[in-house]
Each structure stands twice: as C-alpha cells, then as structure tokens.
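my_file21.cif follows; it contains mmCIF, C-alpha atoms and all ligand atoms.
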```cif
data_start
#
loop_
_atom_site.label_atom_id
_atom_site.label_comp_id
_atom_site.auth_asym_id
_atom_site.auth_seq_id
_atom_site.Cartn_x
_atom_site.Cartn_y
_atom_site.Cartn_z
CA MET A 24 0.00 0.00 0.00
CA VAL A 25 1.22 3.51 -0.78
CA ILE A 26 0.57 6.15 1.87
CA VAL A 27 -0.36 9.50 0.35
CA SER A 28 -0.05 12.63 2.45
CA THR A 29 -2.84 15.20 2.34
CA ALA A 30 -0.16 17.90 2.19
CA VAL A 31 0.54 16.96 -1.44
CA LYS A 32 -0.96 19.47 -3.83
CA MET A 33 -2.73 18.94 -7.15
CA LYS A 34 -4.26 21.15 -9.83
CA ALA A 35 -8.05 21.29 -10.00
CA VAL A 36 -10.87 23.35 -11.52
CA VAL A 37 -12.49 25.23 -8.64
CA ALA A 38 -15.82 27.07 -8.23
CA ARG A 39 -15.47 29.75 -5.56
CA GLY A 40 -18.98 31.16 -5.78
CA PRO A 41 -22.06 31.37 -7.97
CA GLY A 42 -21.56 32.57 -11.54
CA SER A 43 -20.95 31.49 -15.11
CA PRO A 44 -18.44 28.81 -16.15
CA ALA A 45 -16.07 31.71 -16.91
CA ALA A 46 -15.72 32.13 -13.14
CA LEU A 47 -14.09 28.70 -12.81
CA LYS A 48 -10.36 28.79 -12.05
CA VAL A 49 -7.55 26.25 -12.16
CA GLU A 50 -6.01 26.30 -8.68
CA GLU A 51 -3.67 24.30 -6.49
CA VAL A 52 -5.59 22.40 -3.84
CA ALA A 53 -4.77 19.61 -1.38
CA ARG A 54 -4.74 16.19 -2.96
CA PRO A 55 -7.44 14.04 -1.29
CA ALA A 56 -6.28 11.36 1.16
CA VAL A 57 -7.02 7.74 0.29
CA PRO A 58 -9.89 6.41 2.41
CA ASP A 59 -9.49 2.91 3.92
CA ASP A 60 -12.21 1.54 1.64
CA GLY A 61 -11.28 3.56 -1.44
CA VAL A 62 -8.81 4.26 -4.21
CA LEU A 63 -6.82 7.27 -5.34
CA VAL A 64 -7.13 7.65 -9.12
CA ARG A 65 -4.84 9.72 -11.31
CA VAL A 66 -7.35 11.28 -13.72
CA ARG A 67 -6.46 10.83 -17.39
CA ALA A 68 -9.72 12.15 -18.90
CA SER A 69 -12.97 13.70 -17.79
CA SER A 70 -16.10 14.97 -19.54
CA VAL A 71 -18.52 17.83 -19.01
CA ASN A 72 -22.17 17.22 -18.15
CA THR A 73 -24.97 19.69 -17.49
CA VAL A 74 -25.01 18.58 -13.85
CA ASP A 75 -21.50 20.04 -13.40
CA LEU A 76 -22.97 23.53 -13.72
CA TYR A 77 -24.83 22.97 -10.45
CA ALA A 78 -21.65 23.84 -8.50
CA LEU A 79 -22.00 27.37 -9.90
CA THR A 80 -25.51 27.99 -8.60
CA PRO A 81 -26.31 30.06 -5.48
CA VAL A 82 -28.04 27.02 -3.95
CA ALA A 83 -24.92 24.87 -4.26
CA HIS A 84 -22.82 27.71 -2.83
CA LEU A 85 -25.17 27.95 0.16
CA VAL A 86 -25.30 24.16 0.68
CA ARG A 87 -21.50 23.96 0.89
CA SER A 88 -21.44 26.87 3.38
CA PHE A 89 -19.78 29.28 0.91
CA LYS A 90 -16.69 27.08 0.62
CA PRO A 91 -14.95 26.55 -2.72
CA ALA A 92 -15.56 23.24 -4.51
CA VAL A 93 -13.76 21.24 -7.18
CA VAL A 94 -16.18 20.68 -10.07
CA GLY A 95 -16.64 17.76 -12.48
CA THR A 96 -18.04 14.26 -12.09
CA ASP A 97 -17.05 11.83 -14.89
CA PHE A 98 -13.49 10.48 -14.79
CA ALA A 99 -11.26 7.79 -16.21
CA GLY A 100 -7.74 7.11 -15.02
CA THR A 101 -5.27 4.86 -13.27
CA VAL A 102 -5.36 3.66 -9.66
CA GLU A 103 -2.39 5.24 -7.93
CA ALA A 104 -2.99 4.02 -4.37
CA ILE A 105 -5.49 1.86 -2.49
CA GLY A 106 -6.87 1.97 1.05
CA ARG A 107 -6.04 -0.83 3.49
CA ALA A 108 -9.50 -2.46 3.24
CA VAL A 109 -9.75 -2.44 -0.57
CA THR A 110 -10.29 -5.83 -2.23
CA LEU A 111 -11.57 -5.03 -5.72
CA PHE A 112 -8.72 -2.94 -7.14
CA GLN A 113 -4.98 -2.79 -7.18
CA ARG A 114 -2.41 -0.17 -8.02
CA GLY A 115 -2.13 0.36 -11.79
CA ASP A 116 -5.71 -0.70 -12.60
CA GLU A 117 -7.33 1.40 -15.32
CA VAL A 118 -10.75 2.49 -14.10
CA PHE A 119 -13.60 4.86 -14.84
CA GLY A 120 -16.45 6.23 -12.80
CA GLY A 121 -18.23 9.23 -11.38
CA VAL A 122 -17.56 11.26 -8.25
CA ARG A 123 -17.71 14.92 -7.29
CA GLY A 124 -14.49 16.80 -7.96
CA ALA A 125 -13.35 15.03 -11.13
CA PHE A 126 -11.88 18.08 -12.92
CA ALA A 127 -8.67 17.50 -11.03
CA GLU A 128 -5.42 15.61 -11.31
CA TYR A 129 -6.62 13.07 -8.72
CA VAL A 130 -9.90 11.82 -7.27
CA CYS A 131 -10.62 9.49 -4.35
CA ILE A 132 -13.61 7.16 -4.38
CA SER A 133 -14.86 4.28 -2.24
CA GLU A 134 -14.55 0.95 -4.06
CA GLN A 135 -18.28 0.40 -3.30
CA LYS A 136 -19.30 3.51 -5.23
CA ALA A 137 -19.42 4.32 -8.94
CA VAL A 138 -16.02 3.04 -10.09
CA VAL A 139 -15.30 0.00 -12.26
CA ARG A 140 -12.38 -1.38 -14.25
CA LYS A 141 -12.01 0.03 -17.77
CA PRO A 142 -12.07 -2.56 -20.56
CA ALA A 143 -8.77 -2.61 -22.45
CA GLY A 144 -10.28 -1.71 -25.83
CA VAL A 145 -11.92 1.47 -24.59
CA SER A 146 -9.82 4.63 -24.38
CA PHE A 147 -9.69 6.87 -21.30
CA GLU A 148 -11.45 9.59 -23.31
CA GLN A 149 -14.28 7.25 -24.30
CA ALA A 150 -14.68 5.80 -20.81
CA ALA A 151 -14.80 9.28 -19.31
CA THR A 152 -18.04 10.06 -21.18
CA VAL A 153 -19.98 7.08 -19.90
CA VAL A 154 -20.94 7.16 -16.24
CA VAL A 155 -23.11 10.25 -15.66
CA ALA A 156 -25.08 10.20 -18.91
CA GLY A 157 -25.05 6.39 -19.25
CA SER A 158 -26.22 5.76 -15.66
CA THR A 159 -28.96 8.35 -16.12
CA ALA A 160 -30.22 6.60 -19.25
CA LEU A 161 -29.92 3.12 -17.72
CA GLN A 162 -31.62 4.04 -14.44
CA ALA A 163 -34.35 5.96 -16.27
CA LEU A 164 -35.22 3.12 -18.67
CA ARG A 165 -34.54 0.01 -16.62
CA ASP A 166 -35.17 1.01 -13.00
CA HIS A 167 -37.86 3.68 -13.38
CA GLY A 168 -39.36 2.88 -16.79
CA ARG A 169 -39.27 -0.92 -16.25
CA ILE A 170 -38.57 -1.28 -19.95
CA LYS A 171 -39.57 -4.59 -21.55
CA HIS A 172 -38.74 -6.44 -24.73
CA GLY A 173 -41.01 -5.43 -27.62
CA GLN A 174 -42.29 -2.22 -26.04
CA ARG A 175 -42.78 0.91 -28.12
CA VAL A 176 -40.43 3.47 -26.59
CA LEU A 177 -40.32 7.19 -27.43
CA ILE A 178 -37.16 9.16 -26.58
CA ASN A 179 -37.66 12.92 -26.83
CA GLY A 180 -34.13 14.42 -27.02
CA ALA A 181 -32.40 11.34 -28.39
CA SER A 182 -29.21 12.81 -29.82
CA GLY A 183 -27.43 14.20 -26.76
CA GLY A 184 -25.49 12.72 -23.85
CA VAL A 185 -28.39 10.91 -22.17
CA GLY A 186 -30.37 10.33 -25.37
CA THR A 187 -27.66 8.48 -27.32
CA PHE A 188 -27.11 6.08 -24.43
CA ALA A 189 -30.88 5.71 -24.05
CA VAL A 190 -31.41 4.75 -27.70
CA GLN A 191 -28.71 2.06 -27.50
CA ILE A 192 -29.88 0.71 -24.12
CA ALA A 193 -33.56 0.60 -25.19
CA ARG A 194 -32.55 -1.20 -28.36
CA ALA A 195 -30.47 -3.68 -26.34
CA PHE A 196 -33.60 -4.42 -24.28
CA GLY A 197 -35.39 -5.29 -27.52
CA ALA A 198 -37.63 -2.21 -27.59
CA GLN A 199 -38.89 -0.55 -30.75
CA VAL A 200 -37.37 2.90 -30.46
CA THR A 201 -38.79 6.12 -31.87
CA ALA A 202 -36.34 8.99 -31.42
CA VAL A 203 -36.94 12.76 -31.54
CA CYS A 204 -34.05 15.08 -32.49
CA SER A 205 -33.11 17.84 -34.94
CA SER A 206 -32.40 17.32 -38.67
CA ARG A 207 -28.61 17.23 -38.32
CA HIS A 208 -28.72 14.23 -35.97
CA VAL A 209 -31.35 12.09 -37.72
CA ASP A 210 -28.83 9.80 -39.47
CA VAL A 211 -26.63 9.22 -36.46
CA VAL A 212 -29.60 8.45 -34.19
CA ARG A 213 -30.93 5.97 -36.74
CA SER A 214 -27.48 4.37 -36.98
CA ILE A 215 -27.38 3.60 -33.24
CA GLY A 216 -30.66 1.70 -33.28
CA ALA A 217 -33.74 3.94 -33.57
CA ALA A 218 -36.32 2.23 -35.77
CA ARG A 219 -38.00 5.57 -36.46
CA VAL A 220 -36.67 9.12 -36.12
CA ILE A 221 -38.85 12.23 -35.88
CA ASP A 222 -37.12 15.48 -36.83
CA TYR A 223 -38.66 18.01 -34.45
CA THR A 224 -38.01 20.87 -36.88
CA GLN A 225 -40.31 19.16 -39.41
CA GLN A 226 -42.86 17.24 -37.38
CA ASP A 227 -44.60 17.45 -34.01
CA PHE A 228 -44.39 14.04 -32.36
CA THR A 229 -47.50 14.73 -30.29
CA GLN A 230 -49.52 15.11 -33.50
CA ALA A 231 -48.17 12.05 -35.34
CA GLY A 232 -51.00 9.76 -34.19
CA GLN A 233 -48.64 7.24 -32.57
CA ARG A 234 -48.85 5.90 -29.02
CA TYR A 235 -46.12 4.43 -26.86
CA ASP A 236 -45.66 2.14 -23.85
CA LEU A 237 -42.79 4.18 -22.41
CA MET A 238 -41.67 7.76 -23.00
CA LEU A 239 -38.27 9.01 -21.89
CA ASP A 240 -38.38 12.81 -21.90
CA VAL A 241 -34.90 14.34 -22.03
CA ALA A 242 -35.89 17.54 -23.86
CA GLY A 243 -38.73 18.38 -21.46
CA ASN A 244 -40.09 20.98 -23.84
CA ARG A 245 -43.68 19.73 -24.06
CA SER A 246 -46.46 20.10 -21.54
CA TRP A 247 -47.62 17.10 -19.58
CA SER A 248 -50.97 17.16 -21.42
CA ASP A 249 -49.13 17.04 -24.80
CA CYS A 250 -47.08 14.08 -23.61
CA ARG A 251 -50.11 12.27 -22.24
CA ARG A 252 -51.57 12.27 -25.76
CA VAL A 253 -48.87 9.89 -26.99
CA LEU A 254 -48.98 7.53 -24.00
CA ASP A 255 -51.00 4.36 -24.40
CA ARG A 256 -53.15 3.00 -21.56
CA GLY A 257 -50.86 1.89 -18.71
CA ALA A 258 -47.82 3.55 -20.31
CA THR A 259 -45.01 5.06 -18.27
CA TYR A 260 -43.53 8.57 -18.63
CA VAL A 261 -40.04 9.17 -17.25
CA GLY A 262 -38.93 12.82 -17.08
CA VAL A 263 -35.14 13.19 -17.17
CA GLY A 264 -34.42 16.79 -18.06
CA ALA A 265 -35.35 20.00 -19.82
CA ALA A 266 -32.64 20.25 -22.47
CA GLY A 267 -35.07 21.71 -25.02
CA ILE A 268 -35.81 24.76 -22.87
CA GLN A 269 -33.20 25.26 -20.18
CA HIS A 270 -30.55 26.95 -22.37
CA SER A 271 -32.89 29.62 -23.84
CA PRO A 272 -33.35 33.07 -22.21
CA GLY A 273 -35.41 32.60 -19.05
CA GLY A 274 -34.86 28.87 -19.50
CA GLY A 275 -33.90 28.28 -15.87
CA GLY A 276 -37.36 29.35 -14.70
CA ARG A 277 -39.11 27.37 -17.43
CA ALA A 278 -37.06 24.28 -16.56
CA ILE A 279 -38.05 24.59 -12.89
CA GLY A 280 -41.70 24.96 -13.98
CA HIS A 281 -41.34 21.80 -16.07
CA PHE A 282 -39.81 19.86 -13.15
CA LEU A 283 -42.65 20.97 -10.86
CA ASN A 284 -45.27 19.96 -13.46
CA VAL A 285 -43.75 16.51 -13.84
CA ARG A 286 -43.56 16.16 -10.07
CA LEU A 287 -47.23 17.11 -9.74
CA ALA A 288 -48.18 14.76 -12.59
CA SER A 289 -46.25 11.98 -10.85
CA ILE A 290 -48.45 12.46 -7.80
CA GLY A 291 -51.63 12.52 -9.89
CA GLY A 292 -50.42 9.89 -12.35
CA GLY A 293 -49.48 7.29 -9.76
CA ARG A 294 -46.59 5.00 -10.49
CA ASN A 295 -46.63 5.68 -14.21
CA VAL A 296 -45.06 9.14 -14.10
CA VAL A 297 -41.55 9.32 -12.77
CA ALA A 298 -39.20 12.26 -12.36
CA VAL A 299 -35.49 11.33 -12.53
CA PHE A 300 -33.54 14.53 -12.76
CA ILE A 301 -30.28 13.19 -11.50
CA ALA A 302 -28.71 9.75 -11.66
CA SER A 303 -27.68 8.11 -8.42
CA LEU A 304 -23.95 7.43 -8.31
CA LYS A 305 -24.01 6.23 -4.71
CA LYS A 306 -23.46 2.57 -5.55
CA ARG A 307 -21.43 0.58 -8.02
CA PRO A 308 -23.43 0.35 -11.26
CA SER A 309 -25.55 -2.81 -11.25
CA LEU A 310 -25.99 -4.99 -14.30
CA ALA A 311 -28.96 -6.74 -12.67
CA GLY A 312 -31.84 -6.98 -15.09
CA ARG A 313 -29.46 -6.48 -17.98
CA PRO A 314 -30.78 -7.06 -21.46
CA SER A 315 -30.20 -10.50 -22.88
CA GLY A 316 -26.84 -10.71 -24.62
CA VAL A 317 -25.14 -8.32 -22.22
CA GLY A 318 -23.06 -10.45 -19.89
CA THR A 319 -20.20 -10.04 -17.50
CA GLY A 320 -17.23 -10.93 -19.72
CA GLU A 321 -14.88 -8.13 -20.66
CA ALA A 322 -15.79 -8.26 -24.34
CA ARG A 323 -19.45 -7.89 -23.51
CA ASP A 324 -18.79 -5.18 -20.93
CA ARG A 325 -16.79 -3.33 -23.53
CA GLU A 326 -19.68 -3.58 -25.95
CA ALA A 327 -22.14 -2.45 -23.28
CA ILE A 328 -20.19 0.69 -22.38
CA ARG A 329 -18.79 1.70 -25.74
CA PRO A 330 -19.93 5.30 -26.34
CA ARG A 331 -20.14 4.82 -30.08
CA ARG A 332 -22.17 7.89 -30.71
CA SER A 333 -22.07 10.02 -27.62
CA LEU A 334 -22.76 13.47 -29.00
CA GLY A 335 -23.69 15.03 -25.72
CA SER A 336 -20.76 14.98 -23.33
CA SER A 337 -17.69 17.04 -24.09
CA ARG A 338 -14.61 14.91 -23.68
CA VAL A 339 -11.73 16.51 -21.86
CA PRO A 340 -8.51 14.49 -21.99
CA VAL A 341 -6.69 15.75 -18.93
CA ASP A 342 -3.23 14.68 -19.98
CA GLY A 343 -3.69 14.15 -23.72
CA PRO A 344 -1.39 15.69 -26.29
CA ARG A 345 -0.76 19.29 -25.21
CA GLY A 346 -3.86 19.25 -23.01
CA ARG A 347 -6.02 19.03 -26.12
CA GLN A 348 -9.72 19.61 -25.47
CA ASP A 349 -12.02 17.56 -27.63
CA ARG A 350 -15.51 18.77 -28.11
CA ASP A 351 -17.96 16.46 -29.76
CA ARG A 352 -19.92 19.43 -30.85
CA GLY A 353 -19.56 23.14 -30.88
CA ARG A 354 -22.13 24.51 -28.48
CA PRO A 355 -21.84 24.56 -24.71
CA GLN A 356 -24.19 22.36 -22.72
N1 LIG A 401 -25.99 14.47 -18.85
C1 LIG A 401 -26.46 13.84 -17.77
O1 LIG A 401 -25.83 12.93 -17.33
C2 LIG A 401 -27.78 14.18 -17.14
C3 LIG A 401 -28.17 13.54 -15.97
C4 LIG A 401 -29.43 13.83 -15.41
C5 LIG A 401 -30.23 14.76 -16.02
N2 LIG A 401 -29.79 15.39 -17.15
C6 LIG A 401 -30.64 16.38 -17.76
O2 LIG A 401 -31.08 15.81 -18.99
C7 LIG A 401 -31.16 16.81 -19.96
C8 LIG A 401 -30.33 16.41 -21.17
O3 LIG A 401 -29.00 16.27 -20.83
P1 LIG A 401 -27.99 15.89 -21.98
O4 LIG A 401 -26.65 15.84 -21.33
O5 LIG A 401 -28.47 14.70 -22.73
O6 LIG A 401 -28.13 17.19 -22.91
P2 LIG A 401 -27.62 17.42 -24.41
O7 LIG A 401 -26.45 16.55 -24.67
O8 LIG A 401 -27.52 18.88 -24.58
O9 LIG A 401 -28.83 16.84 -25.31
C9 LIG A 401 -30.02 17.55 -25.46
C10 LIG A 401 -30.99 16.77 -26.32
O10 LIG A 401 -32.22 17.48 -26.38
C11 LIG A 401 -32.58 17.64 -27.76
N3 LIG A 401 -33.38 18.82 -27.96
C12 LIG A 401 -33.02 20.12 -27.87
N4 LIG A 401 -34.08 20.90 -28.17
C13 LIG A 401 -35.12 20.05 -28.45
C14 LIG A 401 -36.46 20.22 -28.84
N5 LIG A 401 -36.97 21.44 -28.98
N6 LIG A 401 -37.22 19.12 -29.05
C15 LIG A 401 -36.72 17.87 -28.89
N7 LIG A 401 -35.45 17.64 -28.54
C16 LIG A 401 -34.67 18.73 -28.32
C17 LIG A 401 -31.26 17.69 -28.48
O11 LIG A 401 -31.47 17.39 -29.86
P3 LIG A 401 -30.64 18.15 -31.04
O12 LIG A 401 -29.23 18.32 -30.52
O13 LIG A 401 -30.72 17.19 -32.17
O14 LIG A 401 -31.32 19.46 -31.23
C18 LIG A 401 -30.50 16.60 -27.74
O15 LIG A 401 -30.92 15.34 -28.20
C19 LIG A 401 -30.70 18.11 -19.29
O16 LIG A 401 -31.85 18.80 -18.87
C20 LIG A 401 -29.91 17.65 -18.13
O17 LIG A 401 -29.95 18.60 -17.07
C21 LIG A 401 -28.60 15.12 -17.72
#
```
Represent the structure contained in this file as structure tokens.
Amino acid sequence: MVIVSTAVKMKAVVARGPGSPAALKVEEVARPAVPDDGVLVRVRASSVNTVDLYALTPVAHLVRSFKPAVVGTDFAGTVEAIGRAVTLFQRGDEVFGGVRGAFAEYVCISEQKAVVRKPAGVSFEQAATVVVAGSTALQALRDHGRIKHGQRVLINGASGGVGTFAVQIARAFGAQVTAVCSSRHVDVVRSIGAARVIDYTQQDFTQAGQRYDLMLDVAGNRSWSDCRRVLDRGATYVGVGAAGIQHSPGGGGRAIGHFLNVRLASIGGGRNVVAVFIASLKKRPSLAGRPSGVGTGEARDREAIRPRRSLGSSRVPVDGPRGRQDRDRGRPQ
C-alpha cells in the first residue's frame, strides 16, 4: 500500500462562488487522502455534463457553506494508491467512474461507489463520457421505466449525452425505439438503433397519431398534457431533463416549472409518471436486469459501455497531447 499525504498538492478546476463557467479557475488544492475503503485515481480524462454547472448555482454555494468546490463528475484514469480495506482494485488498474471533484489531477472514491475497471479496448477519453449520462439513461429506462422487450419506446431528445445512451440501451432491451431530435442528428440516431426518427423541426411528435408504452423525456419541452396524448393506456412517462428549454433566455425558470409539473403529474399519475432529474452514483453500477446478450465478460462489458455515438458529453482528456480539449460538438451544454 502507498501512503499519500494530504499535504501533497494537485491542480483542479475550482468554483469559488455562484456565476458562469467563466468564473471557474484552475487552482492548487490539497490532494485528497485515500480512504481505507477507497482508491486514489490519477485522472487521465474527464467529460462535461450539465449537472457540473450545479456547483455554480447560489443554492450549491449555500449548501456547501460558501466554501470553494472542485467541479466535475465523470473520470477515467489509473489507480495510484489503495486503502487498506480495498479488495476489488490494485495499483495500476485502469478504471472509470463518477464522483464529485473530477476536474482535477486526482480523485478518491470508495470501491463500493461508482467506479469500475475500464475494458482494455476502450480509451480513457471514451470511458470518461460514460458514467453520468449512461447511468442516467440506464436508471431511467430500466429502473424507473421498467422497460420490456417489444415495447414501443419514445425518446424525446435522443441525440445528446443521455439520449444516445438511451437509444442504445432501449434497443439492447429489444424495444422498438422512436427517437426525436433535430435534422442534423437524424442519421446518427438511426445508426445507433432507432427504428423511427422524428425530426422536431419538421414534425410534431405529439400530432403524429402514434402511441407508446414508455416515454423518456430528455428535452422536457412539451407540456404534460401534450405528452399524455402519446402515452398508451398503462404507459409510463419518465422525465429526465429539460434540455429543449433550459438553455434559452429565461430557460432556468421554465425548466423549474417543467420539473414541478412533472412532479405534480407523478403524484396525480401514480406510479406511471416518474421524475429522474439526476442519476444516483451512490453505488457501483448494477448490471442486474441487464438485457439478454449483455453479460459479465470483458468483451461484452466493452460492448455495453462503448460510447459509439455520444454526441452530448464534451470529452476533456486531462493529460492528452498538449492538453487538447475535444468537443464532440460546438455549443456549450
Ligand atoms: N448528462 C447527464 O448525465 C444528465 C443527468 C441527469 C439529467 N440530465 C438532464 O437531462 C437533460 C439532457 O441532458 P444531456 O446531457 O443529454 O443534454 P444534451 O447533450 O444537450 O442533449 C439535449 C438533447 O435534447 C434535444 N433537444 C433540444 N431541443 C429540443 C427540442 N426542442 N425538441 C426535442 N429535442 C430537443 C437535443 O437534440 P438536437 O441536438 O438534435 O437538437 C438533444 O438530443 C438536461 O436537462 C440535463 O440537465 C442530464
């Protein structure tokens, strides 16, 4: 075991108070100490998710008693040291996962939380886009939506971080996927498994006369009564986000209104309306209830996590060539 002193410093991206992402600063902070049940990971790549902006809100600032915080969640890297009670990992293991404070040279995480070994054929940059968006999609479809083979599934907002994982996961469960996205993403969304793609700039999915067994709403830009129109008897609606409205002027308020509406509908709609606005990263990801064909072997794990078409997360290789910053697409999330 390697003992790491807390006096050792590392570079990290720090939020000191509420503001825009421009207020974030790279600073020297204390490197976290390895917990007995956890690992210290040298971060090789991270990625940016909408949830990372939360650290810049007044509420987050208040909750952490006005203290600065290291931002970022997704990471991939190499285990540098292990705690004395760790049994699942050893020094040198290549891993990926999700924990607060990932825009840093090092993170510490309990071995029981969201960290797993990285398959050899997946790069650090690819692995670093998986956990936040992928867990959100998996938990939304499998745990909350109770997705079943043969169901008709509608994904509104299918071409971003959560949506691209959702299309692939729903397909792996044997669902018939209808995806909603803009014109420029129609081909790519079809290529990852959507049987039907609705271009929202050309057609209104609520007026297409189709009904579904499960709707995953990532865009959150339609009223509950619009959505109800496309849900068949006994269907389930899972609200994940408000990507279609939250980035427009006044979007924050509209997004909050949307969240409250879904919450109210979930009370009135019983078990068939579910609000999942943040994935739980408290436990190691479970493959229980996995779709047939997805097993536990490395080759199958690699297939299950490969972010073939993740358009939504921005990959940030921490120590790639000259600190290169890859963006999968041009606009900020
Ligand atoms: N990323 C996460 O891990 C995570 C976790 C929990 C909750 N959420 C929430 O989930 C939402 C989506 O996150 P994300 O990371 O997937 O965002 P994203 O990568 O920006 O993707 C947004 C998606 O919404 C679509 N969209 C935008 N305007 C639309 C409209 N008018 N009609 C239909 N679709 C529209 C986009 O399609 P086009 O690009 O084709 O226009 C894209 O598919 C956010 O509200 C976020 O807060 C995200």
Residues up to 6 Å from ligand LIG 401 (chain A), counting only C-alpha atoms and all ligand atoms: could you list those as an MDAnalysis selection string? chainID A and resid 72:74 155:156 159 179:186 203:205 208 223 241:242 263:267 300:302 335 356
Please write the residues from the selection above to a file, keeping C-alpha atoms, as a PDB file, keeping the file's coordinate frame.
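Written file, out32.pdb:
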```pdb
ATOM      1  CA  ASN A  72     -22.170  17.220 -18.150  1.00  0.00           C
ATOM      2  CA  THR A  73     -24.970  19.690 -17.490  1.00  0.00           C
ATOM      3  CA  VAL A  74     -25.010  18.580 -13.850  1.00  0.00           C
ATOM      4  CA  VAL A 155     -23.110  10.250 -15.660  1.00  0.00           C
ATOM      5  CA  ALA A 156     -25.080  10.200 -18.910  1.00  0.00           C
ATOM      6  CA  THR A 159     -28.960   8.350 -16.120  1.00  0.00           C
ATOM      7  CA  ASN A 179     -37.660  12.920 -26.830  1.00  0.00           C
ATOM      8  CA  GLY A 180     -34.130  14.420 -27.020  1.00  0.00           C
ATOM      9  CA  ALA A 181     -32.400  11.340 -28.390  1.00  0.00           C
ATOM     10  CA  SER A 182     -29.210  12.810 -29.820  1.00  0.00           C
ATOM     11  CA  GLY A 183     -27.430  14.200 -26.760  1.00  0.00           C
ATOM     12  CA  GLY A 184     -25.490  12.720 -23.850  1.00  0.00           C
ATOM     13  CA  VAL A 185     -28.390  10.910 -22.170  1.00  0.00           C
ATOM     14  CA  GLY A 186     -30.370  10.330 -25.370  1.00  0.00           C
ATOM     15  CA  VAL A 203     -36.940  12.760 -31.540  1.00  0.00           C
ATOM     16  CA  CYS A 204     -34.050  15.080 -32.490  1.00  0.00           C
ATOM     17  CA  SER A 205     -33.110  17.840 -34.940  1.00  0.00           C
ATOM     18  CA  HIS A 208     -28.720  14.230 -35.970  1.00  0.00           C
ATOM     19  CA  TYR A 223     -38.660  18.010 -34.450  1.00  0.00           C
ATOM     20  CA  VAL A 241     -34.900  14.340 -22.030  1.00  0.00           C
ATOM     21  CA  ALA A 242     -35.890  17.540 -23.860  1.00  0.00           C
ATOM     22  CA  VAL A 263     -35.140  13.190 -17.170  1.00  0.00           C
ATOM     23  CA  GLY A 264     -34.420  16.790 -18.060  1.00  0.00           C
ATOM     24  CA  ALA A 265     -35.350  20.000 -19.820  1.00  0.00           C
ATOM     25  CA  ALA A 266     -32.640  20.250 -22.470  1.00  0.00           C
ATOM     26  CA  GLY A 267     -35.070  21.710 -25.020  1.00  0.00           C
ATOM     27  CA  PHE A 300     -33.540  14.530 -12.760  1.00  0.00           C
ATOM     28  CA  ILE A 301     -30.280  13.190 -11.500  1.00  0.00           C
ATOM     29  CA  ALA A 302     -28.710   9.750 -11.660  1.00  0.00           C
ATOM     30  CA  GLY A 335     -23.690  15.030 -25.720  1.00  0.00           C
ATOM     31  CA  GLN A 356     -24.190  22.360 -22.720  1.00  0.00           C
TER      32      GLN A 356
END
```
Nearby residues (all atoms listed in the file) at most 9 Å from range 50-53 of chain A, same-chain spacing under 6 positions excluded, as a list of chain:residue names: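 Non-adjacent residues within range: A:Thr29, A:Ala30, A:Val31, A:Lys32, A:Met33, A:Lys34, A:Ala35, A:Val36, A:Val37, A:Val93.
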Any chance you can output those residues with C-alpha atoms as a PDB file, in the frame of the given file?
```pdb
ATOM      1  CA  THR A  29      -2.840  15.200   2.340  1.00  0.00           C
ATOM      2  CA  ALA A  30      -0.160  17.900   2.190  1.00  0.00           C
ATOM      3  CA  VAL A  31       0.540  16.960  -1.440  1.00  0.00           C
ATOM      4  CA  LYS A  32      -0.960  19.470  -3.830  1.00  0.00           C
ATOM      5  CA  MET A  33      -2.730  18.940  -7.150  1.00  0.00           C
ATOM      6  CA  LYS A  34      -4.260  21.150  -9.830  1.00  0.00           C
ATOM      7  CA  ALA A  35      -8.050  21.290 -10.000  1.00  0.00           C
ATOM      8  CA  VAL A  36     -10.870  23.350 -11.520  1.00  0.00           C
ATOM      9  CA  VAL A  37     -12.490  25.230  -8.640  1.00  0.00           C
ATOM     10  CA  VAL A  93     -13.760  21.240  -7.180  1.00  0.00           C
TER      11      VAL A  93
END
```
Nearest to Val145 in chain A: which of A:Leu161, A:Ala99, A:Val285, A:Val122 is it, counting all atoms listed in the file? A:Ala99
Near Asp75 in chain A, within 12 Å and counting all atoms listed in the file, which residues show up once chain neighbours fewer than 2 positions away are dropped, as a PyMOL selection string? chain A and resi 36-38+43-44+47+69-73+77-80+83+92-97+121-126+155-156+301+336-337+356
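Every protein or nucleic acid residue with an atom no more than 10 Å from Leu254 in chain A, counting all atoms listed in the file and leaving out same-chain residues fewer than 2 positions away, appears here: A:Arg175, A:Val176, A:Leu177, A:Thr229, A:Gln233, A:Arg234, A:Tyr235, A:Asp236, A:Leu237, A:Met238, A:Asp249, A:Cys250, A:Arg251, A:Arg252, A:Arg256, A:Gly257, A:Ala258, A:Thr259, A:Tyr260.
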